[in-house]
file start.csv (CSV, C-alpha atoms)
chain,number,residue,atom,x,y,z
A,178,MET,CA,19.7,22.8,54.0
A,179,SER,CA,18.8,21.7,50.5
A,180,ALA,CA,21.3,20.2,48.0
A,181,VAL,CA,22.2,22.3,45.0
A,182,GLU,CA,21.7,20.4,41.8
A,183,PRO,CA,24.3,21.0,39.0
A,184,ARG,CA,22.9,22.6,35.9
A,185,THR,CA,24.4,22.7,32.4
A,186,ALA,CA,24.7,26.1,30.9
A,187,ARG,CA,22.5,26.6,27.8
A,188,VAL,CA,24.5,27.6,24.7
A,189,ASP,CA,22.9,30.3,22.4
A,190,PHE,CA,23.9,29.3,18.8
A,191,GLY,CA,22.2,32.4,17.4
A,192,TYR,CA,19.1,30.5,16.1
A,193,THR,CA,15.5,31.1,16.9
A,194,THR,CA,14.3,27.7,18.1
A,195,GLY,CA,11.0,26.1,18.6
A,196,THR,CA,10.2,23.0,20.8
A,197,LEU,CA,8.2,20.0,19.8
A,198,ARG,CA,7.0,18.0,22.8
A,199,GLY,CA,5.4,14.6,22.9
A,200,GLY,CA,4.6,12.1,25.6
A,201,PHE,CA,8.1,11.1,26.4
A,202,PHE,CA,10.3,13.3,24.2
A,203,SER,CA,11.1,17.0,23.7
A,204,PHE,CA,12.8,18.2,20.4
A,205,ARG,CA,14.2,21.7,19.8
A,206,PHE,CA,14.6,22.9,16.2
A,207,PRO,CA,15.6,26.1,14.4
A,208,VAL,CA,12.3,27.6,13.2
A,209,ARG,CA,13.6,29.6,10.2
A,210,VAL,CA,16.0,26.8,9.0
A,211,VAL,CA,13.2,24.2,9.0
A,212,ALA,CA,10.7,26.6,7.3
A,213,VAL,CA,13.2,27.6,4.5
A,214,SER,CA,14.2,24.0,4.0
A,215,ALA,CA,10.6,22.9,3.7
A,216,ALA,CA,10.0,25.6,1.1
A,217,LEU,CA,13.1,24.6,-0.9
A,218,ALA,CA,12.0,21.0,-0.8
A,219,LEU,CA,8.7,21.9,-2.3
A,220,VAL,CA,10.4,23.9,-5.0
A,221,ALA,CA,12.7,21.0,-5.7
A,222,ALA,CA,9.8,18.6,-5.9
A,223,ALA,CA,7.9,21.0,-8.3
A,224,LEU,CA,11.0,21.3,-10.6
A,225,GLY,CA,11.3,17.5,-10.5
A,226,ILE,CA,7.7,17.1,-11.7
A,227,VAL,CA,8.4,19.6,-14.6
A,228,ALA,CA,11.5,17.6,-15.5
A,229,LEU,CA,9.4,14.5,-15.7
A,230,THR,CA,7.4,16.1,-18.5
A,231,LEU,CA,10.4,16.9,-20.8
A,232,GLY,CA,12.1,14.5,-23.2
A,233,ASP,CA,11.7,12.8,-26.6
A,234,TYR,CA,8.2,11.9,-25.5
A,235,PRO,CA,6.7,15.1,-24.0
A,236,LEU,CA,4.0,14.8,-21.4
A,237,SER,CA,1.8,17.2,-19.6
A,238,VAL,CA,1.9,17.7,-15.8
A,239,ALA,CA,-1.5,16.0,-15.4
A,240,GLU,CA,-0.2,13.0,-17.4
A,241,VAL,CA,2.8,12.8,-15.2
A,242,VAL,CA,0.7,13.0,-12.0
A,243,ARG,CA,-1.6,10.2,-13.3
A,244,ALA,CA,1.4,8.0,-14.2
A,245,VAL,CA,2.9,8.5,-10.7
A,246,GLY,CA,-0.4,7.5,-9.2
A,247,GLY,CA,-0.5,4.4,-11.3
A,248,GLY,CA,-3.0,5.6,-13.8
A,249,GLY,CA,-2.8,6.7,-17.5
A,250,GLU,CA,-1.5,4.7,-20.4
A,251,ARG,CA,1.0,1.9,-19.9
A,252,PHE,CA,3.6,3.5,-22.1
A,253,GLN,CA,3.3,6.8,-20.2
A,254,ARG,CA,3.9,4.9,-16.9
A,255,LEU,CA,6.9,3.2,-18.5
A,256,VAL,CA,8.4,6.6,-19.6
A,257,VAL,CA,7.7,8.3,-16.3
A,258,LEU,CA,8.3,5.6,-13.7
A,259,GLU,CA,11.0,3.5,-15.3
A,260,TRP,CA,13.0,5.9,-17.5
A,261,ARG,CA,12.7,9.5,-16.1
A,262,MET,CA,11.9,9.0,-12.4
A,263,PRO,CA,15.3,7.4,-11.4
A,264,VAL,CA,17.2,10.4,-13.1
A,265,VAL,CA,15.1,13.0,-11.3
A,266,LEU,CA,15.4,11.1,-8.0
A,267,ALA,CA,19.2,11.0,-8.6
A,268,ALA,CA,19.3,14.8,-9.1
A,269,LEU,CA,17.4,15.3,-5.8
A,270,VAL,CA,19.4,12.8,-3.8
A,271,PHE,CA,22.9,13.6,-5.2
A,272,GLY,CA,22.2,17.4,-4.8
A,273,ALA,CA,21.2,16.9,-1.2
A,274,VAL,CA,24.2,14.8,-0.3
A,275,LEU,CA,26.6,17.2,-2.0
A,276,GLY,CA,25.1,20.0,0.0
A,277,ILE,CA,25.7,18.1,3.2
A,278,GLY,CA,29.3,17.5,2.3
A,279,GLY,CA,29.9,21.1,1.4
A,280,ALA,CA,28.3,22.2,4.7
A,281,ILE,CA,30.5,19.9,6.7
A,282,PHE,CA,33.8,21.1,5.2
A,283,GLN,CA,32.8,24.8,5.2
A,284,SER,CA,31.9,24.5,8.8
A,285,LEU,CA,35.2,22.7,9.7
A,286,THR,CA,37.4,25.1,7.7
A,287,ARG,CA,35.2,28.1,8.7
A,288,ASN,CA,35.6,29.4,5.2
A,289,PRO,CA,33.0,29.6,2.4
A,290,LEU,CA,35.7,28.3,-0.1
A,291,GLY,CA,36.1,25.1,2.0
A,292,SER,CA,34.3,22.8,-0.3
A,293,PRO,CA,35.3,19.2,-1.3
A,294,ASP,CA,35.5,20.1,-5.0
A,295,VAL,CA,37.7,23.2,-4.3
A,296,ILE,CA,40.0,21.4,-1.7
A,297,GLY,CA,40.6,18.6,-4.2
A,298,PHE,CA,38.7,15.7,-2.7
A,299,ASP,CA,36.6,15.4,-5.8
A,300,ALA,CA,39.8,15.2,-7.9
A,301,GLY,CA,41.2,12.4,-5.6
A,302,SER,CA,38.0,10.4,-6.0
A,303,TYR,CA,38.0,11.0,-9.8
A,304,THR,CA,41.6,9.9,-10.1
A,305,ALA,CA,40.9,6.7,-8.1
A,306,VAL,CA,38.0,5.9,-10.3
A,307,VAL,CA,40.0,6.6,-13.5
A,308,VAL,CA,42.7,4.2,-12.3
A,309,THR,CA,40.1,1.6,-11.4
A,310,ILE,CA,38.5,1.8,-14.9
A,311,LEU,CA,41.6,2.2,-17.1
A,312,VAL,CA,44.2,0.2,-15.2
A,313,LEU,CA,42.2,-2.4,-13.3
A,314,GLY,CA,39.4,-2.7,-16.0
A,315,THR,CA,36.5,-2.7,-13.4
A,316,ARG,CA,33.3,-0.7,-13.8
A,317,ASP,CA,30.8,-2.1,-11.3
A,318,TYR,CA,29.4,0.4,-8.9
A,319,TRP,CA,30.8,-0.9,-5.6
A,320,SER,CA,34.3,-1.1,-6.9
A,321,LEU,CA,34.1,2.4,-8.2
A,322,ALA,CA,32.5,3.6,-5.0
A,323,GLY,CA,35.1,2.0,-2.8
A,324,ALA,CA,37.9,3.4,-5.0
A,325,ALA,CA,36.3,6.9,-4.9
A,326,VAL,CA,36.1,6.8,-1.1
A,327,VAL,CA,39.7,5.6,-0.7
A,328,GLY,CA,40.9,8.1,-3.3
A,329,GLY,CA,39.1,11.0,-1.5
A,330,ILE,CA,40.4,10.0,1.9
A,331,LEU,CA,44.0,9.6,0.7
A,332,THR,CA,43.7,13.0,-0.9
A,333,ALA,CA,42.4,14.5,2.3
A,334,VAL,CA,45.3,13.0,4.3
A,335,VAL,CA,47.8,14.4,1.8
A,336,VAL,CA,46.2,17.9,1.8
A,337,TYR,CA,46.0,17.9,5.6
A,338,VAL,CA,49.7,16.9,6.0
A,339,LEU,CA,50.9,19.4,3.4
A,340,ALA,CA,48.8,22.2,5.0
A,341,TYR,CA,49.9,21.4,8.6
A,342,ARG,CA,52.1,24.1,10.2
A,343,ARG,CA,51.6,24.0,13.9
A,344,GLY,CA,47.9,23.4,13.2
A,345,VAL,CA,45.8,23.8,10.1
A,346,GLN,CA,44.3,27.1,9.0
A,347,GLY,CA,41.3,27.0,6.7
A,348,PHE,CA,42.7,29.3,4.0
A,349,ARG,CA,46.1,27.4,3.8
A,350,LEU,CA,44.1,24.1,3.5
A,351,ILE,CA,42.2,25.5,0.6
A,352,ILE,CA,45.3,26.8,-1.2
A,353,VAL,CA,47.1,23.5,-0.8
A,354,GLY,CA,43.9,21.6,-1.9
A,355,ILE,CA,43.7,23.7,-5.1
A,356,GLY,CA,47.4,22.8,-5.9
A,357,VAL,CA,46.8,19.1,-5.2
A,358,SER,CA,43.7,19.2,-7.3
A,359,ALA,CA,45.6,20.6,-10.2
A,360,MET,CA,48.3,17.9,-9.9
A,361,LEU,CA,45.7,15.2,-9.9
A,362,GLY,CA,44.0,16.7,-12.9
A,363,SER,CA,47.3,16.4,-14.9
A,364,VAL,CA,47.5,12.7,-13.8
A,365,ASN,CA,44.0,12.1,-15.0
A,366,SER,CA,44.8,13.7,-18.4
A,367,TYR,CA,47.9,11.6,-18.7
A,368,LEU,CA,46.0,8.4,-18.0
A,369,ILE,CA,43.3,9.2,-20.5
A,370,THR,CA,45.8,10.0,-23.2
A,371,ARG,CA,47.4,6.6,-22.7
A,372,ALA,CA,44.1,4.7,-22.8
A,373,ASP,CA,42.3,3.1,-25.7
A,374,LEU,CA,40.1,5.4,-27.6
A,375,GLN,CA,36.9,3.7,-26.4
A,376,ASP,CA,37.9,3.7,-22.8
A,377,ALA,CA,39.2,7.3,-23.1
A,378,MET,CA,35.8,8.4,-24.5
A,379,ALA,CA,33.9,6.5,-21.7
A,380,VAL,CA,36.0,8.1,-19.0
A,381,GLY,CA,35.9,11.5,-20.6
A,382,PHE,CA,32.1,11.4,-20.8
A,383,TRP,CA,31.8,10.1,-17.3
A,384,GLY,CA,34.2,12.8,-16.1
A,385,ALA,CA,31.9,15.5,-17.4
A,386,GLY,CA,29.3,14.5,-14.8
A,387,SER,CA,26.1,13.0,-16.0
A,388,ILE,CA,23.0,11.5,-14.4
A,389,ALA,CA,21.3,10.6,-17.6
A,390,ARG,CA,22.2,6.9,-17.4
A,391,VAL,CA,21.0,6.3,-13.9
A,392,THR,CA,18.4,3.5,-13.6
A,393,TRP,CA,16.5,1.9,-10.7
A,394,THR,CA,19.1,-1.0,-10.8
A,395,SER,CA,22.0,1.4,-10.2
A,396,MET,CA,20.0,3.6,-7.8
A,397,VAL,CA,19.4,0.9,-5.2
A,398,PRO,CA,23.0,0.5,-4.0
A,399,VAL,CA,23.4,4.3,-4.2
A,400,LEU,CA,20.5,4.9,-1.9
A,401,VAL,CA,21.8,2.3,0.6
A,402,GLY,CA,25.2,4.1,0.7
A,403,PHE,CA,23.6,7.5,0.9
A,404,ALA,CA,21.3,6.4,3.8
A,405,VAL,CA,24.3,5.4,5.8
A,406,VAL,CA,26.1,8.7,5.1
A,407,VAL,CA,23.1,10.9,5.8
A,408,ALA,CA,22.4,9.0,9.1
A,409,ALA,CA,26.0,9.5,10.2
A,410,ALA,CA,25.9,13.2,9.2
A,411,ALA,CA,22.6,13.7,11.2
A,412,ALA,CA,24.2,12.0,14.3
A,413,LEU,CA,27.2,14.3,14.1
A,414,ALA,CA,25.3,17.5,13.4
A,415,PRO,CA,25.1,18.6,17.1
A,416,SER,CA,28.8,18.1,17.5
A,417,LEU,CA,29.5,20.1,14.3
A,418,ARG,CA,27.5,23.0,15.6
A,419,ARG,CA,29.4,22.9,18.9
A,420,LEU,CA,32.7,23.0,16.9
A,421,GLU,CA,31.6,26.2,15.3
A,422,LEU,CA,32.0,27.8,18.8
A,423,GLY,CA,35.7,26.8,18.8
A,424,ASP,CA,37.6,23.8,20.1
A,425,ASP,CA,37.8,25.0,23.7
A,426,ALA,CA,34.1,25.7,23.9
A,427,ALA,CA,33.3,22.4,22.3
A,428,VAL,CA,35.4,20.5,24.8
A,429,THR,CA,33.5,22.2,27.7
A,430,GLN,CA,30.3,20.9,26.1
A,431,GLY,CA,31.6,17.3,26.2
A,432,THR,CA,32.7,17.0,22.6
A,433,ARG,CA,35.7,14.8,21.8
A,434,VAL,CA,37.1,17.3,19.3
A,435,GLY,CA,39.7,15.1,17.5
A,436,LEU,CA,37.5,12.1,17.1
A,437,VAL,CA,34.5,14.1,16.0
A,438,ARG,CA,36.5,16.1,13.5
A,439,LEU,CA,38.0,12.9,12.0
A,440,ALA,CA,34.5,11.3,11.7
A,441,LEU,CA,33.2,14.4,10.0
A,442,ILE,CA,36.0,14.4,7.5
A,443,VAL,CA,35.3,10.8,6.7
A,444,VAL,CA,31.6,11.4,6.3
A,445,GLY,CA,32.2,14.6,4.2
A,446,VAL,CA,34.6,12.7,1.9
A,447,ALA,CA,32.1,9.8,1.6
A,448,THR,CA,29.4,12.2,0.4
A,449,THR,CA,31.3,13.5,-2.6
A,450,ALA,CA,33.0,10.1,-3.3
A,451,LEU,CA,29.7,8.3,-3.6
A,452,VAL,CA,28.3,10.9,-6.0
A,453,THR,CA,31.5,10.9,-8.0
A,454,ALA,CA,31.3,7.1,-8.3
A,455,ALA,CA,27.7,7.1,-9.5
A,456,ALA,CA,27.6,10.1,-11.8
A,457,GLY,CA,31.1,11.6,-12.1
A,458,PRO,CA,32.2,14.8,-10.6
A,459,LEU,CA,29.4,17.3,-10.2
A,460,GLY,CA,31.2,20.5,-9.4
A,461,PHE,CA,30.2,23.6,-7.3
A,462,ILE,CA,26.9,22.2,-5.8
A,463,ALA,CA,28.8,21.5,-2.6
A,464,LEU,CA,30.4,25.0,-2.8
A,465,VAL,CA,27.3,27.0,-3.5
A,466,ALA,CA,24.5,25.3,-1.6
A,467,PRO,CA,25.6,25.9,2.0
A,468,GLN,CA,26.2,29.6,1.5
A,469,LEU,CA,22.9,30.2,-0.4
A,470,ALA,CA,21.0,28.3,2.3
A,471,ARG,CA,22.8,30.3,5.1
A,472,ARG,CA,21.7,33.6,3.5
A,473,LEU,CA,18.1,32.4,3.1
A,474,THR,CA,17.9,31.1,6.6
A,475,ARG,CA,19.8,34.1,8.0
A,476,SER,CA,21.7,31.8,10.3
A,477,PRO,CA,25.2,32.5,11.7
A,478,GLY,CA,26.6,29.2,10.5
A,479,VAL,CA,25.9,26.7,7.8
A,480,SER,CA,23.0,24.2,8.3
A,481,LEU,CA,23.1,20.6,7.1
A,482,LEU,CA,19.3,20.6,6.6
A,483,GLY,CA,19.3,23.9,4.7
A,484,ALA,CA,22.3,22.9,2.6
A,485,ALA,CA,20.7,19.6,1.7
A,486,ALA,CA,17.5,21.2,0.6
A,487,MET,CA,19.3,23.9,-1.4
A,488,GLY,CA,21.7,21.3,-3.0
A,489,ALA,CA,18.7,19.2,-4.2
A,490,THR,CA,17.0,22.4,-5.6
A,491,LEU,CA,20.2,23.5,-7.5
A,492,LEU,CA,20.9,20.1,-9.0
A,493,VAL,CA,17.4,19.4,-10.1
A,494,SER,CA,17.3,22.9,-11.6
A,495,ALA,CA,20.5,22.1,-13.5
A,496,HIS,CA,18.9,18.8,-14.7
A,497,LEU,CA,15.8,20.7,-15.9
A,498,LEU,CA,18.0,23.3,-17.7
A,499,SER,CA,19.9,20.4,-19.4
A,500,LEU,CA,16.6,19.0,-20.6
A,501,VAL,CA,15.6,22.4,-22.0
A,502,VAL,CA,18.9,22.7,-23.8
A,503,ALA,CA,18.6,19.2,-25.2
A,504,SER,CA,15.2,19.9,-26.6
A,505,ALA,CA,16.5,23.0,-28.4
A,506,TYR,CA,20.1,21.8,-29.4
A,507,ARG,CA,21.6,18.6,-28.1
A,508,PRO,CA,22.0,16.8,-24.7
A,509,VAL,CA,24.5,18.5,-22.3
A,510,PRO,CA,25.8,16.7,-19.2
A,511,VAL,CA,24.4,18.2,-16.0
A,512,GLY,CA,28.0,18.5,-14.6
A,513,LEU,CA,28.9,21.0,-17.3
A,514,ILE,CA,26.0,23.2,-16.4
A,515,THR,CA,26.9,23.2,-12.7
A,516,VAL,CA,30.5,24.0,-13.5
A,517,CYS,CA,29.5,26.9,-15.8
A,518,VAL,CA,27.0,28.5,-13.3
A,519,GLY,CA,29.1,27.6,-10.3
A,520,GLY,CA,32.2,29.2,-11.8
A,521,LEU,CA,30.6,32.6,-11.9
A,522,TYR,CA,29.7,32.2,-8.2
A,523,LEU,CA,33.3,31.2,-7.4
A,524,ILE,CA,34.6,34.3,-9.1
A,525,TRP,CA,32.2,36.5,-7.2
A,526,LEU,CA,33.2,34.7,-4.0
A,527,LEU,CA,36.9,35.1,-4.5
A,528,VAL,CA,36.5,38.9,-5.3
A,529,ARG,CA,34.3,39.2,-2.2
A,530,GLU,CA,36.8,37.4,0.1
A,531,ALA,CA,39.8,39.4,-1.3
A,532,ARG,CA,37.9,42.7,-0.6
A,533,ARG,CA,37.0,41.5,2.9
A,534,GLN,CA,40.6,40.5,3.8
A,535,ALA,CA,41.8,43.9,2.4
A,536,VAL,CA,39.5,45.7,4.7
A,537,THR,CA,40.4,43.7,7.8
A,538,SER,CA,44.2,43.8,7.1
call {"tool": "encode", "arguments": {"input": "start.csv", "output": "structure tokens"}}
result
Amino acid sequence: MSAVEPRTARVDFGYTTGTLRGGFFSFRFPVRVVAVSAALALVAAALGIVALTLGDYPLSVAEVVRAVGGGGERFQRLVVLEWRMPVVLAALVFGAVLGIGGAIFQSLTRNPLGSPDVIGFDAGSYTAVVVTILVLGTRDYWSLAGAAVVGGILTAVVVYVLAYRRGVQGFRLIIVGIGVSAMLGSVNSYLITRADLQDAMAVGFWGAGSIARVTWTSMVPVLVGFAVVVAAAAALAPSLRRLELGDDAAVTQGTRVGLVRLALIVVGVATTALVTAAAGPLGFIALVAPQLARRLTRSPGVSLLGAAAMGATLLVSAHLLSLVVASAYRPVPVGLITVCVGGLYLIWLLVREARRQAVTS
């Protein structure tokens, strides 16, 4: 009589997967998600190259490519590599991280409106940074980043407690978050009106969301923080997908639901807080990117990889549009462009959700 070996039931997440096998490893991946993400990454890179050609000193694509490869004139290399490249890299990295943060919260709340900028975490980070600048008089990056993370986490705790009624439902969490965000916005306005004119102008410009002042010096600590956040998000991605099946199903797959959910909230808040500290609030990228990526990948849930690629594409597109506007009129912060375009998407999404709930009720 032979012994029966226990086997773990395979869970079908609704993705068409492929398998990559090497000598000692085997890796499964969603085929369409990877293909769409790769295509979006190529589009984002192409838009970034076009963005490198625009500015007060116009360049051709060939001149940009030569400068990136170390050729061309010395001044062209200075313009491309020292002045414009950090800004384009910031657009790509910030957009990708915002997309990851949006995907995490939309997956946790199971609602397309569940984005950090809608729930109010952006406002919490913004308020903490405003207090740090205007009250404490500190402007170095790590102080602002720490304040932004603490402000975002405190706001998340407040929103969670106020929304808790024998559990937390996604729609209630969003409504409470919108209210808390409005309250924090009034606090920010009050602090700015009480500040000196120079400080108020600096905070107001920073609050519009701009990546134009990013340099290599300021990008280094940003990239270090983002590397930690992205690594944590990648490590938690399998657990996030199991949570999409429901808490009971996730427990049967060996997931520690409470601990994993808390870790995901911290990572999600950290994504938006780090961007807010570096460039100010860049609204609606976290809201839009996961849903657009989900539609392109035709996946049943949001994908961190797809949302990151779409977020990078959207923000570098907004940066490119800001450069075009600047060449014809005057410079416009990229945050204002994302808010204008994202606001139209939010209106469409609210109307769509209202119609869907009217049909199901």
call {"tool": "atom_distance", "arguments": {"input": "start.csv", "atom1": "CA of Arg418 (chain A)", "atom2": "CA of Ser480 (chain A)"}}
result
8.7 Å
call {"tool": "atom_distance", "arguments": {"input": "start.csv", "atom1": "CA of Gly460 (chain A)", "atom2": "CA of Ala215 (chain A)"}}
result
24.5 Å
call {"tool": "closest_residue", "arguments": {"input": "start.csv", "among": "A:Thr304, A:Ser284, A:Thr332, A:Ser494", "to": "Val227 (chain A)", "atoms": "all atoms listed in the file"}}
result
A:Ser494
call {"tool": "residues_near_point", "arguments": {"input": "start.csv", "point": "(18.9, 13.9, -3.2)", "cutoff": "12 Å", "atoms": "only C-alpha atoms", "output": "NGL selection string"}}
result
:A and (218 or 221-222 or 225 or 263-277 or 396 or 399-400 or 403-404 or 407 or 448 or 452 or 462 or 482 or 484-493)
call {"tool": "write_last_selection", "arguments": {"input": "start.csv", "atoms": "C-alpha atoms", "output": "PDB file, in the frame of the given file"}}
result
ATOM      1  CA  ALA A 218      12.000  21.000  -0.800  1.00  0.00           C
ATOM      2  CA  ALA A 221      12.700  21.000  -5.700  1.00  0.00           C
ATOM      3  CA  ALA A 222       9.800  18.600  -5.900  1.00  0.00           C
ATOM      4  CA  GLY A 225      11.300  17.500 -10.500  1.00  0.00           C
ATOM      5  CA  PRO A 263      15.300   7.400 -11.400  1.00  0.00           C
ATOM      6  CA  VAL A 264      17.200  10.400 -13.100  1.00  0.00           C
ATOM      7  CA  VAL A 265      15.100  13.000 -11.300  1.00  0.00           C
ATOM      8  CA  LEU A 266      15.400  11.100  -8.000  1.00  0.00           C
ATOM      9  CA  ALA A 267      19.200  11.000  -8.600  1.00  0.00           C
ATOM     10  CA  ALA A 268      19.300  14.800  -9.100  1.00  0.00           C
ATOM     11  CA  LEU A 269      17.400  15.300  -5.800  1.00  0.00           C
ATOM     12  CA  VAL A 270      19.400  12.800  -3.800  1.00  0.00           C
ATOM     13  CA  PHE A 271      22.900  13.600  -5.200  1.00  0.00           C
ATOM     14  CA  GLY A 272      22.200  17.400  -4.800  1.00  0.00           C
ATOM     15  CA  ALA A 273      21.200  16.900  -1.200  1.00  0.00           C
ATOM     16  CA  VAL A 274      24.200  14.800  -0.300  1.00  0.00           C
ATOM     17  CA  LEU A 275      26.600  17.200  -2.000  1.00  0.00           C
ATOM     18  CA  GLY A 276      25.100  20.000   0.000  1.00  0.00           C
ATOM     19  CA  ILE A 277      25.700  18.100   3.200  1.00  0.00           C
ATOM     20  CA  MET A 396      20.000   3.600  -7.800  1.00  0.00           C
ATOM     21  CA  VAL A 399      23.400   4.300  -4.200  1.00  0.00           C
ATOM     22  CA  LEU A 400      20.500   4.900  -1.900  1.00  0.00           C
ATOM     23  CA  PHE A 403      23.600   7.500   0.900  1.00  0.00           C
ATOM     24  CA  ALA A 404      21.300   6.400   3.800  1.00  0.00           C
ATOM     25  CA  VAL A 407      23.100  10.900   5.800  1.00  0.00           C
ATOM     26  CA  THR A 448      29.400  12.200   0.400  1.00  0.00           C
ATOM     27  CA  VAL A 452      28.300  10.900  -6.000  1.00  0.00           C
ATOM     28  CA  ILE A 462      26.900  22.200  -5.800  1.00  0.00           C
ATOM     29  CA  LEU A 482      19.300  20.600   6.600  1.00  0.00           C
ATOM     30  CA  ALA A 484      22.300  22.900   2.600  1.00  0.00           C
ATOM     31  CA  ALA A 485      20.700  19.600   1.700  1.00  0.00           C
ATOM     32  CA  ALA A 486      17.500  21.200   0.600  1.00  0.00           C
ATOM     33  CA  MET A 487      19.300  23.900  -1.400  1.00  0.00           C
ATOM     34  CA  GLY A 488      21.700  21.300  -3.000  1.00  0.00           C
ATOM     35  CA  ALA A 489      18.700  19.200  -4.200  1.00  0.00           C
ATOM     36  CA  THR A 490      17.000  22.400  -5.600  1.00  0.00           C
ATOM     37  CA  LEU A 491      20.200  23.500  -7.500  1.00  0.00           C
ATOM     38  CA  LEU A 492      20.900  20.100  -9.000  1.00  0.00           C
ATOM     39  CA  VAL A 493      17.400  19.400 -10.100  1.00  0.00           C
TER      40      VAL A 493
END
call {"tool": "atom_distance", "arguments": {"input": "start.csv", "atom1": "CA of Val353 (chain A)", "atom2": "CA of Gly291 (chain A)"}}
result
11.5 Å
call {"tool": "closest_residue", "arguments": {"input": "start.csv", "among": "A:Tyr318, A:Ser366, A:Ala411, A:Gln375", "to": "Pro398 (chain A)", "atoms": "all atoms listed in the file"}}
result
A:Tyr318
call {"tool": "closest_residue", "arguments": {"input": "start.csv", "among": "A:Gly323, A:Gly457, A:Pro207, A:Gly478", "to": "Leu420 (chain A)", "atoms": "all atoms listed in the file"}}
result
A:Gly478
call {"tool": "closest_residue", "arguments": {"input": "start.csv", "among": "A:Ser214, A:Asn288, A:Ser358, A:Thr309", "to": "Leu481 (chain A)", "atoms": "only C-alpha atoms"}}
result
A:Ser214
call {"tool": "closest_residue", "arguments": {"input": "start.csv", "among": "A:Phe461, A:Leu498, A:Asp294, A:Val220", "to": "Ile524 (chain A)", "atoms": "all atoms listed in the file"}}
result
A:Phe461
call {"tool": "residues_around", "arguments": {"input": "start.csv", "residues": "Val257 (chain A)", "least_positions_apart": "2", "cutoff": "10 Å", "atoms": "all atoms listed in the file", "output": "list in words"}}
result
Ile226, Leu229, Thr230, Tyr234, Leu236, Glu240, Val241, Val242, Arg243, Ala244, Val245, Arg251, Phe252, Gln253, Arg254, Leu255, Glu259, Trp260, Arg261, Met262 and Pro263 of chain A
call {"tool": "closest_residue", "arguments": {"input": "start.csv", "among": "A:Gly301, A:Gly314, A:Pro415, A:Gly328", "to": "Ala372 (chain A)", "atoms": "all atoms listed in the file"}}
result
A:Gly314
call {"tool": "residues_around", "arguments": {"input": "start.csv", "residues": "Val335 (chain A)", "least_positions_apart": "2", "cutoff": "12 Å", "atoms": "all atoms listed in the file", "output": "list of chain:residue names"}}
result
A:Ile296, A:Gly297, A:Phe298, A:Gly301, A:Gly328, A:Gly329, A:Ile330, A:Leu331, A:Thr332, A:Ala333, A:Tyr337, A:Val338, A:Leu339, A:Ala340, A:Tyr341, A:Leu350, A:Val353, A:Gly354, A:Gly356, A:Val357, A:Ser358, A:Leu361
call {"tool": "residues_around", "arguments": {"input": "start.csv", "residues": "Val516 (chain A)", "least_positions_apart": "3", "cutoff": "9 Å", "atoms": "all atoms listed in the file", "output": "list in words"}}
result
Leu459, Gly460, Phe461, Ile462, Val511, Gly512, Leu513, Gly519, Gly520 and Leu521 of chain A
call {"tool": "decode", "arguments": {"input": "start.csv", "residues": "region 419-440 of chain A", "atoms": "C-alpha atoms", "output": "PDB file, in the first residue's frame"}}
result
ATOM      1  CA  ARG A 419      -4.877  36.017  -2.708  1.00  0.00           C
ATOM      2  CA  LEU A 420      -6.730  38.719  -0.751  1.00  0.00           C
ATOM      3  CA  GLU A 421      -8.733  39.480  -3.909  1.00  0.00           C
ATOM      4  CA  LEU A 422     -10.345  36.048  -3.459  1.00  0.00           C
ATOM      5  CA  GLY A 423     -11.672  37.039  -0.023  1.00  0.00           C
ATOM      6  CA  ASP A 424     -10.303  36.735   3.498  1.00  0.00           C
ATOM      7  CA  ASP A 425     -11.474  33.157   4.044  1.00  0.00           C
ATOM      8  CA  ALA A 426      -9.943  31.925   0.801  1.00  0.00           C
ATOM      9  CA  ALA A 427      -6.719  33.813   1.548  1.00  0.00           C
ATOM     10  CA  VAL A 428      -6.470  32.161   4.972  1.00  0.00           C
ATOM     11  CA  THR A 429      -6.826  28.723   3.407  1.00  0.00           C
ATOM     12  CA  GLN A 430      -3.853  29.604   1.152  1.00  0.00           C
ATOM     13  CA  GLY A 431      -1.699  30.363   4.185  1.00  0.00           C
ATOM     14  CA  THR A 432      -2.002  34.150   4.164  1.00  0.00           C
ATOM     15  CA  ARG A 433      -1.918  36.015   7.497  1.00  0.00           C
ATOM     16  CA  VAL A 434      -4.672  38.409   6.489  1.00  0.00           C
ATOM     17  CA  GLY A 435      -4.381  41.035   9.232  1.00  0.00           C
ATOM     18  CA  LEU A 436      -0.601  41.326   9.076  1.00  0.00           C
ATOM     19  CA  VAL A 437      -0.487  41.359   5.280  1.00  0.00           C
ATOM     20  CA  ARG A 438      -3.232  43.994   5.029  1.00  0.00           C
ATOM     21  CA  LEU A 439      -1.406  46.247   7.520  1.00  0.00           C
ATOM     22  CA  ALA A 440       1.859  45.860   5.611  1.00  0.00           C
TER      23      ALA A 440
END
